[in-house]
Amino acid sequence: MKSETTETDSQLHLEKAIFTLGVIVSLLHIYFNIFAILPNLLQNSLHFSGFALLCALVYPLRKGQASRSRISLYIDLAIGVIAAVCALYMISMEDAIYARGVHLSRSEWIAGTLLIFTAIEFTRRTTGWIIPVLIILALTYVGWWGSLIGGVFKFSGLTAETILFRSIYGDDGIFGNIARISSTFVFMFILFGAFLLKSGAGEFVINLARAVAGRFIGGPGLVAVFASGLTGTISGSAVANTASTGVITIPLMKRAGFEAKFAAGVEASASTGGQLMPPIMGAGAFVMASYTQIPYTTIVLYSVLPAILYFATVGFFVRVEAKRTNILAVEDENLKVFEVIKTGGLPFLLPISVLIGLLIYGFTPTYAAGISIVAVVVSSWLTPKRMGIKTVFEAFALGARNMVMTAILLCSVGLVVNVIATAGIGNTFSLMITNWSGNSLLIAITLIGLASLVLGMGLPVTAAYIVLGTLSAPALYNLIVDGQVAQIIASGSLNEDARAIMMLAVPDKLELLTKPMELAQARALLDSIPPDLTGTLRDMVLSPEAAMFALLSAHMIIFWLSQDSNVTPPVCLAAFTAAAIAETPPMATGLRSWKIAKGLYIIPLLFAYTPLLGGSWPQILTVFIFALAGLYAFTCALQGHMENQISLAVRGLLLLLAVALLKPSTPVFQAAALGCLVLLLVVNLRKKSGPG
């Protein structure tokens with residue numbers, strides 16, 4: 001009895017320590033993000049140090065440990081202190097190292113080595129073995145075995161001192177650009193989400209979804225779609241989204257009559273869309289903004305319609321499944337939208353509006369998030385659930401705790417990115433993708449999709465995007481740009497500077513440039529240009545805006561494909577989380593979620609082949625409307641049902657219409673395809689309902 005009491009007391013002391021440290025870490029980040037300007041290395045080392053200490057307390061040495069002995073806790077705490085002290089010590093010695101001609105003393109060798117090892121260990125605790133193995137392989141590649149292999153990946157080894165120095169002080173190292181993103185944008189938005197949750201916004205989201213969608217046919221499934229989209233603005237994590245909304249939406253769907261596996265698949269698929277939903281979009285949007293130098297607000301703005309398309313696809317599956325299985329509207333949903341907003345809407349709607357307004361007005365995301373946190377607290381005082389000092393401190397602690405895995409991951413993955421940049425692996429890999437794809441954009445996207453699935457089995461989606469973006473974005477960008485350049489060549493509208501380049505590159509084919517030609521012929525002409533002149537031609541033909549949106553398209557394709565590991569077997573954490581709630585077989589649930597989340601694979605094709613990103617707004621809206629209809633046709637064909645059951649021949653016709661509506665074509669042709677789809681729907685509506 002005494003030992004149980006002692007164990008309980010120890011657990012309470014541990015929770016108090018985590019709470020206190022979480023508050024301190026959050027306040028430190030608010031200080032250097034809002035009130036002070038610190039050197040990047042110092043800020044990022046403070047960021048890593050705080051979360052190393054938190055990680056030591058939150059994640060025990062052995063996973064699955066229900067409780068820790070006092071000795072085990074002291075060991076964990078000692079490792080955290082070593083990591084924090086070594087990080088701060090190495091940054092404090094930067095000037096001395098440069099003064100010695102970039103040579104490390106014995107104490108710096110010891111501290112730097114311990115820093116790398118503790119970073120690897122904390123990454124293992126938070127994300128598993130895959131990333132630590134990648135880090136070890138990357139560091140040993142540039143130091144040892146890279147010189148032993150042949151071919152394009154052969155790399156003459158660096159000295160251990162150079163590797164250690166670049167790993168810590170390099171722009172892409174452990175305290176480099178990715179750590180900067182983590183310590184600024186990502187943390188502030190995670191903290192903003194924690195304040196929203198503590199203000200009662202999570203409950204409001206569920207109630208609003210039930211009020212808006214609950215009474216429609218398939219309403220509980222639509223509630224999951226709607227609630228997960230809104231929750232994505234808070235959490236930015238598919239697994240957290242599934243766990244928080246799934247405990248409500250999955251039982252609702254099952255009670256309405258949906259099959260348990262379908263209910264879990266809908267929740268996992270909808271929750272995955274939370275990372276695609278502006279304004280937060282997980283950490284990926286901030287990483288993308290840093291990599292591409294495209295404004296965060298631009299990325300968010302052009303992500304709205306694609307996110308709606310994705311959630312519409314999941315909604316179509318819900319509607320069709322409800323009609324197929326004869327599920328009627330739920331009659332016991334008595335919630336009123338106005339009443340829900342009046343009782344709990346302000347702490348959610350006002351801060352989100354403030355955030356979006358500040359971003360549009362031109363404030364930095366970090367500053368906008370800080371002001372929006374204040375708006376959460378202020379707006380809560382206009383409701384019965386007022387946030388007092390205790391609740392504010394709880395939000396600080398929750399934000400820091402929710403950030404632990406992401407902070408450790410984003411800092412540590414810099415060790416891999418640093419090696420990729422140092423060894424030039426990214427350029428080599430991009431050339432390989434170009435060669436393997438045979439200059440086919442579709443094949444390149446397929447290869448990247450397969451790579452994202454393999455990486456996603458062991459990496460969180462943000463890490464998968466970082467690695468894939470570093471390796472394959474240049475190849476994808478070049479293929480997208482070359483497609484646009486080929487269209488310009490085919491139209492015969494090259495400018496004078498571009499013609500001059502063509503005269504140098506292919507003087508024997510100049511007569512072809514005087515008139516329009518077939519696109520395939522233009523592409524063959526472009527492929528015949530020497531690679532050293534192709535880049536110059538791209539710069540001359542495309543405007544800076546067109547080049548920017550081609551780069552955005554490349555990264556958005558990779559970002560979307562990197563989400564598929566949440567819902568695609570054999571490792572699909574969001575689907576497995578939903579399966580645990582629904583009490584269904586994990587793998588079968590994963591297969592169902594993979595089917596429902598087909599938008600993850602279709603919409604990136606729209607980024608590649610249509611002006612959905614970067615076109616004029618009439619063009620974007622045209623693509624959006626036809627794509628919405630195409631996704632509905634595709635869903636019905638896949639499910640074998642519209643409003644009523646359909647024959648095999650109609651399913652085939654729907655697939656053809658889906659392709660016609662999604663594939664770039666003339667507006668007249670696509671309008672005709674849309675008319676055929678509407679006609680099919682009208683005929684199907686007149687058909688007598690039968691059993692599904």
# chains A, B, ... in the order shown; residues from 1 in each chain; ligands from 1

$ select_by_dssp --residues "stretch 33-208 of chain A" --states "helix (DSSP H, G or I)" --output "number ranges by chain"
A: 33-35, 40-58, 70-92, 94-99, 106-127, 130-143, 145-147, 151-153, 160-169, 177-198, 201-208

$ atom_distance --atom1 "atom CA of A:Leu450" --atom2 "atom CA of A:Lys598"
14.7 Å

$ residues_around --residues "A:Ser269" --least-positions-apart "6" --cutoff "9 Å" --atoms "only C-alpha atoms" --output "PDB file with all heavy atoms, in the first residue's frame"
ATOM      1  N   VAL A 225     -16.761  14.730 -41.454  1.00  0.00           N
ATOM      2  CA  VAL A 225     -16.034  15.488 -42.485  1.00  0.00           C
ATOM      3  C   VAL A 225     -15.915  16.951 -42.073  1.00  0.00           C
ATOM      4  O   VAL A 225     -14.823  17.547 -42.114  1.00  0.00           O
ATOM      5  CB  VAL A 225     -16.753  15.362 -43.846  1.00  0.00           C
ATOM      6  CG1 VAL A 225     -16.066  16.230 -44.896  1.00  0.00           C
ATOM      7  CG2 VAL A 225     -16.788  13.908 -44.303  1.00  0.00           C
ATOM      8  N   ALA A 238      -3.067  14.623 -38.137  1.00  0.00           N
ATOM      9  CA  ALA A 238      -4.115  13.686 -38.523  1.00  0.00           C
ATOM     10  C   ALA A 238      -4.456  12.739 -37.381  1.00  0.00           C
ATOM     11  O   ALA A 238      -5.629  12.449 -37.129  1.00  0.00           O
ATOM     12  CB  ALA A 238      -3.678  12.900 -39.757  1.00  0.00           C
ATOM     13  N   THR A 242      -7.965  12.595 -35.462  1.00  0.00           N
ATOM     14  CA  THR A 242      -8.756  11.366 -35.405  1.00  0.00           C
ATOM     15  C   THR A 242      -9.137  11.029 -33.968  1.00  0.00           C
ATOM     16  O   THR A 242     -10.291  10.682 -33.673  1.00  0.00           O
ATOM     17  CB  THR A 242      -7.964  10.194 -36.011  1.00  0.00           C
ATOM     18  OG1 THR A 242      -7.603  10.508 -37.356  1.00  0.00           O
ATOM     19  CG2 THR A 242      -8.789   8.918 -36.011  1.00  0.00           C
ATOM     20  N   PHE A 311     -12.240  17.423 -49.103  1.00  0.00           N
ATOM     21  CA  PHE A 311     -13.312  17.132 -48.157  1.00  0.00           C
ATOM     22  C   PHE A 311     -14.617  16.816 -48.887  1.00  0.00           C
ATOM     23  O   PHE A 311     -15.420  16.003 -48.407  1.00  0.00           O
ATOM     24  CB  PHE A 311     -13.505  18.303 -47.190  1.00  0.00           C
ATOM     25  CG  PHE A 311     -12.483  18.333 -46.095  1.00  0.00           C
ATOM     26  CD1 PHE A 311     -11.466  19.272 -46.103  1.00  0.00           C
ATOM     27  CD2 PHE A 311     -12.518  17.412 -45.063  1.00  0.00           C
ATOM     28  CE1 PHE A 311     -10.507  19.289 -45.102  1.00  0.00           C
ATOM     29  CE2 PHE A 311     -11.573  17.422 -44.053  1.00  0.00           C
ATOM     30  CZ  PHE A 311     -10.562  18.363 -44.075  1.00  0.00           C
ATOM     31  N   VAL A 314     -14.560  13.102 -49.725  1.00  0.00           N
ATOM     32  CA  VAL A 314     -14.938  12.272 -48.577  1.00  0.00           C
ATOM     33  C   VAL A 314     -16.439  12.385 -48.332  1.00  0.00           C
ATOM     34  O   VAL A 314     -17.122  11.394 -48.043  1.00  0.00           O
ATOM     35  CB  VAL A 314     -14.140  12.678 -47.325  1.00  0.00           C
ATOM     36  CG1 VAL A 314     -14.511  11.789 -46.140  1.00  0.00           C
ATOM     37  CG2 VAL A 314     -12.645  12.598 -47.584  1.00  0.00           C
ATOM     38  N   ASN A 566      -0.870   8.365 -43.794  1.00  0.00           N
ATOM     39  CA  ASN A 566      -1.855   8.370 -42.706  1.00  0.00           C
ATOM     40  C   ASN A 566      -2.977   7.369 -42.950  1.00  0.00           C
ATOM     41  O   ASN A 566      -3.605   6.879 -42.002  1.00  0.00           O
ATOM     42  CB  ASN A 566      -2.471   9.767 -42.559  1.00  0.00           C
ATOM     43  CG  ASN A 566      -1.595  10.702 -41.756  1.00  0.00           C
ATOM     44  OD1 ASN A 566      -1.052  10.322 -40.735  1.00  0.00           O
ATOM     45  ND2 ASN A 566      -1.452  11.928 -42.219  1.00  0.00           N
ATOM     46  N   VAL A 567      -3.248   7.088 -44.236  1.00  0.00           N
ATOM     47  CA  VAL A 567      -4.435   6.286 -44.570  1.00  0.00           C
ATOM     48  C   VAL A 567      -4.126   5.103 -45.474  1.00  0.00           C
ATOM     49  O   VAL A 567      -5.037   4.417 -45.922  1.00  0.00           O
ATOM     50  CB  VAL A 567      -5.511   7.175 -45.255  1.00  0.00           C
ATOM     51  CG1 VAL A 567      -6.116   8.154 -44.267  1.00  0.00           C
ATOM     52  CG2 VAL A 567      -4.935   7.919 -46.456  1.00  0.00           C
ATOM     53  N   ALA A 574      -3.330   7.168 -38.710  1.00  0.00           N
ATOM     54  CA  ALA A 574      -4.661   7.754 -38.514  1.00  0.00           C
ATOM     55  C   ALA A 574      -5.738   6.671 -38.621  1.00  0.00           C
ATOM     56  O   ALA A 574      -6.687   6.640 -37.827  1.00  0.00           O
ATOM     57  CB  ALA A 574      -4.910   8.858 -39.535  1.00  0.00           C
ATOM     58  N   ALA A 575      -5.592   5.778 -39.608  1.00  0.00           N
ATOM     59  CA  ALA A 575      -6.560   4.691 -39.771  1.00  0.00           C
ATOM     60  C   ALA A 575      -6.507   3.728 -38.591  1.00  0.00           C
ATOM     61  O   ALA A 575      -7.541   3.238 -38.123  1.00  0.00           O
ATOM     62  CB  ALA A 575      -6.302   3.953 -41.084  1.00  0.00           C
ATOM     63  N   SER A 593     -10.001   3.288 -45.523  1.00  0.00           N
ATOM     64  CA  SER A 593      -9.625   4.708 -45.502  1.00  0.00           C
ATOM     65  C   SER A 593      -8.845   5.068 -46.765  1.00  0.00           C
ATOM     66  O   SER A 593      -8.993   6.174 -47.295  1.00  0.00           O
ATOM     67  CB  SER A 593      -8.810   5.013 -44.248  1.00  0.00           C
ATOM     68  OG  SER A 593      -7.572   4.342 -44.268  1.00  0.00           O
ATOM     69  N   TRP A 594      -8.020   4.139 -47.243  1.00  0.00           N
ATOM     70  CA  TRP A 594      -7.255   4.376 -48.481  1.00  0.00           C
ATOM     71  C   TRP A 594      -8.193   4.597 -49.659  1.00  0.00           C
ATOM     72  O   TRP A 594      -7.964   5.442 -50.518  1.00  0.00           O
ATOM     73  CB  TRP A 594      -6.338   3.181 -48.720  1.00  0.00           C
ATOM     74  CG  TRP A 594      -5.586   3.206 -50.004  1.00  0.00           C
ATOM     75  CD1 TRP A 594      -4.556   4.037 -50.352  1.00  0.00           C
ATOM     76  CD2 TRP A 594      -5.791   2.361 -51.143  1.00  0.00           C
ATOM     77  NE1 TRP A 594      -4.109   3.760 -51.620  1.00  0.00           N
ATOM     78  CE2 TRP A 594      -4.853   2.730 -52.119  1.00  0.00           C
ATOM     79  CE3 TRP A 594      -6.672   1.311 -51.413  1.00  0.00           C
ATOM     80  CZ2 TRP A 594      -4.773   2.093 -53.355  1.00  0.00           C
ATOM     81  CZ3 TRP A 594      -6.595   0.682 -52.643  1.00  0.00           C
ATOM     82  CH2 TRP A 594      -5.659   1.074 -53.597  1.00  0.00           C
ATOM     83  N   ILE A 596     -11.352   5.709 -49.472  1.00  0.00           N
ATOM     84  CA  ILE A 596     -12.113   6.946 -49.296  1.00  0.00           C
ATOM     85  C   ILE A 596     -11.252   8.179 -49.555  1.00  0.00           C
ATOM     86  O   ILE A 596     -11.744   9.210 -50.023  1.00  0.00           O
ATOM     87  CB  ILE A 596     -12.713   6.984 -47.872  1.00  0.00           C
ATOM     88  CG1 ILE A 596     -13.723   5.843 -47.708  1.00  0.00           C
ATOM     89  CG2 ILE A 596     -13.379   8.323 -47.577  1.00  0.00           C
ATOM     90  CD1 ILE A 596     -14.181   5.626 -46.282  1.00  0.00           C
ATOM     91  N   ALA A 597      -9.945   8.076 -49.268  1.00  0.00           N
ATOM     92  CA  ALA A 597      -9.044   9.235 -49.393  1.00  0.00           C
ATOM     93  C   ALA A 597      -8.440   9.360 -50.782  1.00  0.00           C
ATOM     94  O   ALA A 597      -7.326   9.854 -50.938  1.00  0.00           O
ATOM     95  CB  ALA A 597      -7.931   9.131 -48.352  1.00  0.00           C
TER      96      ALA A 597
END

$ closest_residue --among "A:Phe396, A:Phe165, A:Tyr361, A:Tyr477" --to "A:Gly193" --atoms "only C-alpha atoms"
A:Phe396

$ residues_around --residues "stretch 377-393 of chain A" --least-positions-apart "3" --cutoff "10 Å" --atoms "only C-alpha atoms" --output "PyMOL selection string"
chain A and resi 19-20+22-24+26-27+194-196+198-201+342-351+372-374+396-399

$ closest_residue --among "A:Asp564, A:Ile433, A:Ile489, A:Ile91" --to "A:Ala111" --atoms "only C-alpha atoms"
A:Ile91

$ closest_residue --among "A:Ile466, A:Val650, A:Ala490, A:Ile602" --to "A:Asn684" --atoms "only C-alpha atoms"
A:Val650

$ atom_distance --atom1 "atom CA of A:Phe258" --atom2 "atom CA of A:Leu208"
21.2 Å
